[in-house]
>>> print(open('model.pdb').read())   # PDB, C-alpha atoms, pLDDT in the B column
ATOM      1  CA  MET A 152     257.017  21.749  64.240  1.00 88.00           C
ATOM      2  CA  ALA A 153     253.814  23.508  65.148  1.00 90.00           C
ATOM      3  CA  GLY A 154     250.990  24.770  62.980  1.00 90.00           C
ATOM      4  CA  VAL A 155     247.740  23.813  61.321  1.00 89.00           C
ATOM      5  CA  ILE A 156     247.530  21.979  58.014  1.00 90.00           C
ATOM      6  CA  GLY A 157     244.519  20.944  55.977  1.00 90.00           C
ATOM      7  CA  CYS A 158     243.461  17.436  55.036  1.00 88.00           C
ATOM      8  CA  ASP A 159     245.314  17.922  51.738  1.00 90.00           C
ATOM      9  CA  GLY A 160     248.585  18.291  53.681  1.00 87.00           C
ATOM     10  CA  ALA A 161     248.565  14.989  55.576  1.00 89.00           C
ATOM     11  CA  PHE A 162     251.424  13.780  53.346  1.00 91.00           C
ATOM     12  CA  LEU A 163     253.560  16.649  54.693  1.00 90.00           C
ATOM     13  CA  LYS A 164     253.102  15.432  58.270  1.00 92.00           C
ATOM     14  CA  GLU A 165     253.981  11.891  57.173  1.00 94.00           C
ATOM     15  CA  HIS A 166     257.144  13.179  55.496  1.00 95.00           C
ATOM     16  CA  LEU A 167     258.149  15.132  58.598  1.00 95.00           C
ATOM     17  CA  ASP A 168     257.491  12.098  60.813  1.00 95.00           C
ATOM     18  CA  LYS A 169     259.616   9.851  58.571  1.00 97.00           C
ATOM     19  CA  ASN A 170     262.472  12.348  58.848  1.00 97.00           C
ATOM     20  CA  GLY A 171     262.479  12.593  62.636  1.00 96.00           C
ATOM     21  CA  VAL A 172     260.636  15.894  63.076  1.00 95.00           C
ATOM     22  CA  ASP A 173     258.470  16.090  66.201  1.00 94.00           C
ATOM     23  CA  THR A 174     254.951  16.760  64.876  1.00 94.00           C
ATOM     24  CA  THR A 175     252.997  16.308  68.112  1.00 93.00           C
ATOM     25  CA  LEU A 176     251.985  19.994  67.962  1.00 92.00           C
ATOM     26  CA  LEU A 177     250.921  19.859  64.300  1.00 89.00           C
ATOM     27  CA  LEU A 178     247.134  19.949  63.905  1.00 87.00           C
ATOM     28  CA  LEU A 179     245.182  18.544  60.984  1.00 89.00           C
ATOM     29  CA  THR A 180     241.928  20.251  59.983  1.00 88.00           C
ATOM     30  CA  ASP A 181     239.172  19.462  57.508  1.00 89.00           C
ATOM     31  CA  GLY A 182     239.931  22.626  55.514  1.00 86.00           C
ATOM     32  CA  PHE A 183     242.675  23.177  52.975  1.00 87.00           C
ATOM     33  CA  SER A 184     246.295  23.956  53.782  1.00 81.00           C
ATOM     34  CA  GLY A 185     247.688  27.410  53.179  1.00 80.00           C
ATOM     35  CA  HIS A 186     249.579  27.881  49.926  1.00 77.00           C
ATOM     36  CA  ALA A 187     252.077  30.443  48.746  1.00 78.00           C
ATOM     37  CA  VAL A 188     253.287  30.862  45.190  1.00 83.00           C
ATOM     38  CA  ILE A 189     256.554  32.775  45.054  1.00 82.00           C
ATOM     39  CA  GLU A 190     257.784  34.228  41.777  1.00 85.00           C
ATOM     40  CA  VAL A 191     261.372  35.424  41.464  1.00 84.00           C
ATOM     41  CA  ASP A 192     262.342  37.707  38.585  1.00 84.00           C
ATOM     42  CA  GLN A 193     265.677  37.835  36.745  1.00 83.00           C
ATOM     43  CA  ASN A 194     266.966  40.426  39.255  1.00 79.00           C
ATOM     44  CA  GLY A 195     266.280  38.197  42.266  1.00 73.00           C
ATOM     45  CA  GLN A 196     263.203  40.167  43.381  1.00 73.00           C
ATOM     46  CA  ASN A 197     260.217  38.153  44.532  1.00 70.00           C
ATOM     47  CA  GLN A 198     256.459  38.487  44.621  1.00 76.00           C
ATOM     48  CA  MET A 199     254.000  36.260  46.514  1.00 75.00           C
ATOM     49  CA  ILE A 200     250.451  35.082  45.936  1.00 79.00           C
ATOM     50  CA  LEU A 201     248.959  33.713  49.165  1.00 76.00           C
ATOM     51  CA  PHE A 202     245.979  31.566  50.163  1.00 75.00           C
ATOM     52  CA  ALA A 203     245.824  31.528  53.989  1.00 76.00           C
ATOM     53  CA  GLY A 204     243.760  28.365  54.406  1.00 70.00           C
ATOM     54  CA  ALA A 205     244.433  26.385  57.594  1.00 71.00           C
ATOM     55  CA  ASN A 206     247.225  28.802  58.540  1.00 75.00           C
ATOM     56  CA  PHE A 207     244.547  31.179  59.813  1.00 75.00           C
ATOM     57  CA  GLU A 208     243.038  28.549  62.107  1.00 74.00           C
ATOM     58  CA  VAL A 209     245.748  29.159  64.730  1.00 86.00           C
ATOM     59  CA  THR A 210     244.087  30.361  67.962  1.00 91.00           C
ATOM     60  CA  PRO A 211     245.440  31.871  71.193  1.00 96.00           C
ATOM     61  CA  GLU A 212     244.584  28.588  72.955  1.00 96.00           C
ATOM     62  CA  TYR A 213     246.623  26.659  70.402  1.00 93.00           C
ATOM     63  CA  CYS A 214     249.526  29.096  70.874  1.00 94.00           C
ATOM     64  CA  ASP A 215     249.445  28.614  74.651  1.00 96.00           C
ATOM     65  CA  LYS A 216     249.511  24.839  74.197  1.00 94.00           C
ATOM     66  CA  ALA A 217     252.340  25.026  71.659  1.00 93.00           C
ATOM     67  CA  LEU A 218     254.438  27.245  73.930  1.00 95.00           C
ATOM     68  CA  SER A 219     253.771  25.248  77.104  1.00 94.00           C
ATOM     69  CA  GLY A 220     256.749  22.951  76.570  1.00 90.00           C
ATOM     70  CA  PHE A 221     259.284  25.682  75.888  1.00 93.00           C
ATOM     71  CA  ASP A 222     261.427  27.764  78.239  1.00 93.00           C
ATOM     72  CA  LYS A 223     264.005  30.527  78.357  1.00 95.00           C
ATOM     73  CA  GLY A 224     266.733  30.018  75.785  1.00 92.00           C
ATOM     74  CA  ASP A 225     264.545  28.188  73.272  1.00 96.00           C
ATOM     75  CA  ILE A 226     263.976  29.731  69.839  1.00 97.00           C
ATOM     76  CA  LEU A 227     260.635  30.459  68.185  1.00 96.00           C
ATOM     77  CA  LEU A 228     260.775  30.949  64.407  1.00 95.00           C
ATOM     78  CA  MET A 229     257.653  32.409  62.745  1.00 94.00           C
ATOM     79  CA  GLN A 230     256.404  33.840  59.477  1.00 90.00           C
ATOM     80  CA  TYR A 231     253.448  36.171  59.159  1.00 88.00           C
ATOM     81  CA  GLU A 232     251.402  33.634  57.183  1.00 85.00           C
ATOM     82  CA  THR A 233     249.421  32.512  60.238  1.00 87.00           C
ATOM     83  CA  SER A 234     246.926  34.085  62.572  1.00 89.00           C
ATOM     84  CA  CYS A 235     247.927  35.014  66.162  1.00 92.00           C
ATOM     85  CA  VAL A 236     251.536  35.956  65.329  1.00 94.00           C
ATOM     86  CA  GLU A 237     251.452  39.014  67.615  1.00 95.00           C
ATOM     87  CA  TYR A 238     249.998  36.925  70.439  1.00 97.00           C
ATOM     88  CA  MET A 239     252.590  34.178  69.982  1.00 96.00           C
ATOM     89  CA  ALA A 240     255.489  36.660  69.899  1.00 96.00           C
ATOM     90  CA  GLU A 241     254.305  38.372  73.088  1.00 96.00           C
ATOM     91  CA  LYS A 242     253.817  35.105  74.989  1.00 97.00           C
ATOM     92  CA  ALA A 243     257.152  33.709  73.766  1.00 96.00           C
ATOM     93  CA  LYS A 244     258.978  36.871  74.818  1.00 95.00           C
ATOM     94  CA  GLN A 245     257.344  36.693  78.270  1.00 95.00           C
ATOM     95  CA  LYS A 246     258.718  33.147  78.612  1.00 96.00           C
ATOM     96  CA  GLY A 247     262.228  34.294  77.651  1.00 96.00           C
ATOM     97  CA  LEU A 248     262.352  32.656  74.237  1.00 97.00           C
ATOM     98  CA  THR A 249     264.377  34.147  71.391  1.00 97.00           C
ATOM     99  CA  VAL A 250     261.774  35.292  68.866  1.00 97.00           C
ATOM    100  CA  VAL A 251     262.715  35.236  65.173  1.00 97.00           C
ATOM    101  CA  LEU A 252     260.183  36.702  62.742  1.00 96.00           C
ATOM    102  CA  ASN A 253     260.014  36.792  58.981  1.00 95.00           C
ATOM    103  CA  PRO A 254     257.224  39.363  58.394  1.00 92.00           C
ATOM    104  CA  SER A 255     256.172  37.828  55.139  1.00 84.00           C
ATOM    105  CA  PRO A 256     253.962  38.255  53.319  1.00 81.00           C
ATOM    106  CA  PHE A 257     253.751  42.004  53.887  1.00 82.00           C
ATOM    107  CA  VAL A 258     250.377  43.377  54.947  1.00 83.00           C
ATOM    108  CA  LYS A 259     249.702  46.918  56.172  1.00 87.00           C
ATOM    109  CA  GLU A 260     249.160  45.656  59.759  1.00 87.00           C
ATOM    110  CA  LEU A 261     252.902  44.970  59.943  1.00 89.00           C
ATOM    111  CA  LYS A 262     253.521  48.726  60.191  1.00 89.00           C
ATOM    112  CA  GLY A 263     252.043  48.635  63.714  1.00 90.00           C
ATOM    113  CA  PHE A 264     253.378  45.220  64.774  1.00 93.00           C
ATOM    114  CA  PRO A 265     254.845  45.095  68.327  1.00 94.00           C
ATOM    115  CA  TYR A 266     258.437  44.578  67.165  1.00 95.00           C
ATOM    116  CA  GLU A 267     259.722  44.990  70.722  1.00 94.00           C
ATOM    117  CA  ASN A 268     258.735  41.311  71.126  1.00 96.00           C
ATOM    118  CA  VAL A 269     261.085  40.268  68.302  1.00 97.00           C
ATOM    119  CA  ASP A 270     264.791  39.539  68.763  1.00 97.00           C
ATOM    120  CA  ILE A 271     265.739  38.802  65.166  1.00 97.00           C
ATOM    121  CA  LEU A 272     263.869  40.145  62.149  1.00 97.00           C
ATOM    122  CA  VAL A 273     264.546  38.446  58.792  1.00 97.00           C
ATOM    123  CA  LEU A 274     262.933  40.163  55.812  1.00 96.00           C
ATOM    124  CA  ASN A 275     263.476  41.264  52.260  1.00 92.00           C
ATOM    125  CA  GLU A 276     264.158  44.767  51.007  1.00 93.00           C
ATOM    126  CA  SER A 277     260.627  45.525  49.837  1.00 90.00           C
ATOM    127  CA  GLU A 278     259.160  44.387  53.166  1.00 92.00           C
ATOM    128  CA  GLY A 279     261.665  46.550  55.042  1.00 94.00           C
ATOM    129  CA  MET A 280     260.828  49.579  52.916  1.00 94.00           C
ATOM    130  CA  SER A 281     257.083  48.960  53.281  1.00 93.00           C
ATOM    131  CA  ILE A 282     257.243  48.591  57.065  1.00 94.00           C
ATOM    132  CA  THR A 283     259.398  51.673  57.618  1.00 95.00           C
ATOM    133  CA  GLY A 284     258.309  53.934  54.758  1.00 94.00           C
ATOM    134  CA  GLU A 285     261.995  54.519  53.951  1.00 95.00           C
ATOM    135  CA  ASN A 286     263.451  54.309  50.417  1.00 93.00           C
ATOM    136  CA  ASP A 287     267.066  53.968  51.532  1.00 95.00           C
ATOM    137  CA  VAL A 288     268.383  50.617  52.796  1.00 94.00           C
ATOM    138  CA  LYS A 289     270.521  52.075  55.611  1.00 94.00           C
ATOM    139  CA  LYS A 290     267.658  54.274  56.832  1.00 95.00           C
ATOM    140  CA  ALA A 291     265.214  51.356  56.664  1.00 95.00           C
ATOM    141  CA  VAL A 292     267.573  49.099  58.623  1.00 95.00           C
ATOM    142  CA  SER A 293     268.138  51.827  61.222  1.00 94.00           C
ATOM    143  CA  SER A 294     264.391  52.306  61.590  1.00 94.00           C
ATOM    144  CA  LEU A 295     263.887  48.551  61.970  1.00 95.00           C
ATOM    145  CA  ASN A 296     266.643  48.375  64.612  1.00 93.00           C
ATOM    146  CA  ASN A 297     264.864  51.132  66.549  1.00 92.00           C
ATOM    147  CA  LYS A 298     261.589  49.190  66.413  1.00 92.00           C
ATOM    148  CA  LEU A 299     263.346  46.076  67.772  1.00 92.00           C
ATOM    149  CA  ASN A 300     264.829  47.826  70.827  1.00 85.00           C
ATOM    150  CA  GLY A 301     268.268  46.262  70.428  1.00 83.00           C
ATOM    151  CA  GLY A 302     267.348  43.299  68.241  1.00 91.00           C
ATOM    152  CA  LYS A 303     269.023  42.141  65.063  1.00 97.00           C
ATOM    153  CA  VAL A 304     267.939  42.710  61.456  1.00 97.00           C
ATOM    154  CA  ILE A 305     268.783  40.512  58.484  1.00 98.00           C
ATOM    155  CA  LEU A 306     267.616  42.257  55.318  1.00 97.00           C
ATOM    156  CA  THR A 307     267.910  40.424  52.007  1.00 95.00           C
ATOM    157  CA  LEU A 308     268.548  42.544  48.924  1.00 93.00           C
ATOM    158  CA  GLY A 309     267.783  40.155  46.080  1.00 86.00           C
ATOM    159  CA  GLY A 310     270.692  40.081  43.647  1.00 87.00           C
ATOM    160  CA  ASP A 311     272.558  42.672  45.754  1.00 92.00           C
ATOM    161  CA  GLY A 312     273.160  40.356  48.722  1.00 95.00           C
ATOM    162  CA  ALA A 313     272.050  40.992  52.289  1.00 97.00           C
ATOM    163  CA  VAL A 314     272.579  43.215  55.320  1.00 97.00           C
ATOM    164  CA  PHE A 315     273.007  42.241  58.967  1.00 97.00           C
ATOM    165  CA  ALA A 316     272.596  44.993  61.525  1.00 96.00           C
ATOM    166  CA  ASP A 317     272.181  45.423  65.233  1.00 94.00           C
ATOM    167  CA  GLU A 318     272.747  48.457  67.443  1.00 88.00           C
ATOM    168  CA  ASN A 319     276.559  48.113  67.054  1.00 92.00           C
ATOM    169  CA  GLU A 320     277.153  46.735  63.557  1.00 94.00           C
ATOM    170  CA  TYR A 321     276.070  47.163  59.956  1.00 95.00           C
ATOM    171  CA  ILE A 322     277.477  44.494  57.641  1.00 97.00           C
ATOM    172  CA  LYS A 323     276.622  44.228  53.933  1.00 96.00           C
ATOM    173  CA  ILE A 324     277.414  40.990  52.139  1.00 95.00           C
TER     174      ILE A 324
END
>>> encode(input="model.pdb", output="structure tokens")
Amino acid sequence: MAGVIGCDGAFLKEHLDKNGVDTTLLLLTDGFSGHAVIEVDQNGQNQMILFAGANFEVTPEYCDKALSGFDKGDILLMQYETSCVEYMAEKAKQKGLTVVLNPSPFVKELKGFPYENVDILVLNESEGMSITGENDVKKAVSSLNNKLNGGKVILTLGGDGAVFADENEYIKI
């Protein structure tokens, strides 16, 4: 587990340690931890309220340190709640890691994200529509696949299930 948590999140590190999670890359800061409040409506659609906090204290130097112990075949799983996500994805891809990104919460900068550094994109319907500008699920997924240059898309559809797609398959569940 890598990341930056505030002094108010020390109990989280303790919990992870007690449950066998390697937290040697987890940094504690004097600030406050990031928080997200997620509301889900009766149709399964969600909305987020975000306070970035310590999540935005991630630096390129920290990313380099965090990635130093990983090699080809390892998996990097990220959300867009931290700083340096683009940097981390690029460096991980250069090392041959499989990069999995959940581009949440959506911000307009995600429209220009270097998705060619992502192997698997996991996102919800509204994020997919916002990133691509499409209003149709199949068109949005196709557009996302093009951005990934052969990667895989998992698009959640709230109460309507989910879609998996790559350059050869489109499966709705």
>>> residues_around(input="model.pdb", residues="A:Gly182", least_positions_apart="6", cutoff="10 Å", atoms="only C-alpha atoms", output="list in words")
Val155, Ile156, Gly157, Cys158, Asp159, Gly160, Gly204, Ala205 and Glu208 of chain A
>>> resolve_selection(input="model.pdb", expression="the PyMOL selection byres ((chain A and resi 312-324) around 10)", output="JSON, numbers by chain")
{"A": [195, 271, 272, 273, 274, 275, 276, 288, 289, 292, 293, 295, 296, 297, 299, 300, 301, 302, 303, 304, 305, 306, 307, 308, 309, 310, 311]}
>>> closest_residue(input="model.pdb", among="A:Thr175, A:Asn268, A:Asn170, A:Thr180", to="A:Gly220", atoms="only C-alpha atoms")
A:Thr175
>>> residues_around(input="model.pdb", residues="stretch 232-245 of chain A", least_positions_apart="3", cutoff="10 Å", atoms="all atoms listed in the file", output="PyMOL selection string")
chain A and resi 154-155+185-187+201-215+217-219+221-223+225-229+248-257+261+264-270
>>> atom_distance(input="model.pdb", atom1="atom CA of A:Ser294", atom2="atom CA of A:Gly279")
9.1 Å
>>> atom_distance(input="model.pdb", atom1="atom CA of A:Met152", atom2="atom CA of A:Glu165")
12.5 Å
>>> closest_residue(input="model.pdb", among="A:Gln198, A:Gly171, A:Phe162, A:Lys246", to="A:Glu278", atoms="all atoms listed in the file")
A:Gln198
>>> atom_distance(input="model.pdb", atom1="atom CA of A:Gln196", atom2="atom CA of A:Ser281")
14.6 Å
>>> closest_residue(input="model.pdb", among="A:Met199, A:Ala161, A:Ala291, A:Leu167", to="A:Phe183", atoms="all atoms listed in the file")
A:Ala161
>>> axis_aligned_box(input="model.pdb", around="stretch 159-171 of chain A", padding_each_side="4 Å", output="JSON")
{"center_x": 253.9, "center_y": 14.1, "center_z": 57.2, "size_x": 25.2, "size_y": 16.4, "size_z": 18.9}
>>> residues_near_point(input="model.pdb", point="(255.7, 54.5, 56.8)", cutoff="7 Å", atoms="all atoms listed in the file", output="ChimeraX atom specification")
/A:281-285
>>> build_atoms(input="model.pdb", residues="stretch 302-313 of chain A", atoms="all heavy atoms", output="short mmCIF file (atom, residue, chain, number, x, y, z; two decimals), keeping the file's coordinate frame")
data_model
loop_
_atom_site.label_atom_id
_atom_site.label_comp_id
_atom_site.auth_asym_id
_atom_site.auth_seq_id
_atom_site.Cartn_x
_atom_site.Cartn_y
_atom_site.Cartn_z
N GLY A 302 267.33 44.57 68.95
CA GLY A 302 267.35 43.30 68.24
C GLY A 302 268.23 43.35 67.01
O GLY A 302 268.92 44.33 66.75
N LYS A 303 268.19 42.28 66.26
CA LYS A 303 269.02 42.14 65.06
C LYS A 303 268.14 42.10 63.82
O LYS A 303 267.06 41.52 63.83
CB LYS A 303 269.84 40.86 65.16
CG LYS A 303 270.82 40.86 66.34
CD LYS A 303 271.36 39.48 66.59
CE LYS A 303 272.36 39.40 67.71
NZ LYS A 303 272.21 40.25 68.84
N VAL A 304 268.65 42.69 62.73
CA VAL A 304 267.94 42.71 61.46
C VAL A 304 268.79 42.01 60.41
O VAL A 304 269.99 42.28 60.29
CB VAL A 304 267.66 44.16 60.98
CG1 VAL A 304 267.05 44.17 59.58
CG2 VAL A 304 266.75 44.88 61.96
N ILE A 305 268.17 41.10 59.67
CA ILE A 305 268.78 40.51 58.48
C ILE A 305 267.87 40.89 57.33
O ILE A 305 266.72 40.47 57.27
CB ILE A 305 268.92 38.99 58.61
CG1 ILE A 305 269.80 38.64 59.81
CG2 ILE A 305 269.47 38.39 57.31
CD1 ILE A 305 269.81 37.16 60.16
N LEU A 306 268.39 41.74 56.44
CA LEU A 306 267.62 42.26 55.32
C LEU A 306 268.22 41.72 54.03
O LEU A 306 269.38 42.00 53.72
CB LEU A 306 267.65 43.79 55.32
CG LEU A 306 266.83 44.50 54.26
CD1 LEU A 306 265.34 44.44 54.63
CD2 LEU A 306 267.26 45.95 54.12
N THR A 307 267.42 40.94 53.28
CA THR A 307 267.91 40.42 52.01
C THR A 307 267.66 41.45 50.91
O THR A 307 266.65 42.15 50.93
CB THR A 307 267.25 39.07 51.66
OG1 THR A 307 265.84 39.25 51.54
CG2 THR A 307 267.56 38.03 52.73
N LEU A 308 268.58 41.52 49.97
CA LEU A 308 268.55 42.54 48.92
C LEU A 308 268.48 41.94 47.52
O LEU A 308 269.02 42.52 46.58
CB LEU A 308 269.79 43.45 49.06
CG LEU A 308 270.01 44.11 50.41
CD1 LEU A 308 271.38 44.78 50.45
CD2 LEU A 308 268.90 45.11 50.70
N GLY A 309 267.85 40.79 47.39
CA GLY A 309 267.78 40.16 46.08
C GLY A 309 269.17 39.88 45.53
O GLY A 309 270.02 39.36 46.24
N GLY A 310 269.40 40.29 44.29
CA GLY A 310 270.69 40.08 43.65
C GLY A 310 271.83 40.89 44.24
O GLY A 310 272.99 40.66 43.91
N ASP A 311 271.52 41.83 45.14
CA ASP A 311 272.56 42.67 45.75
C ASP A 311 273.03 42.15 47.10
O ASP A 311 273.73 42.86 47.83
CB ASP A 311 272.04 44.11 45.91
CG ASP A 311 271.86 44.80 44.57
OD1 ASP A 311 272.62 44.47 43.63
OD2 ASP A 311 270.96 45.65 44.46
N GLY A 312 272.65 40.94 47.49
CA GLY A 312 273.16 40.36 48.72
C GLY A 312 272.23 40.53 49.90
O GLY A 312 271.01 40.41 49.78
N ALA A 313 272.82 40.86 51.06
CA ALA A 313 272.05 40.99 52.29
C ALA A 313 272.78 41.91 53.26
O ALA A 313 273.97 42.19 53.11
CB ALA A 313 271.84 39.62 52.93
#
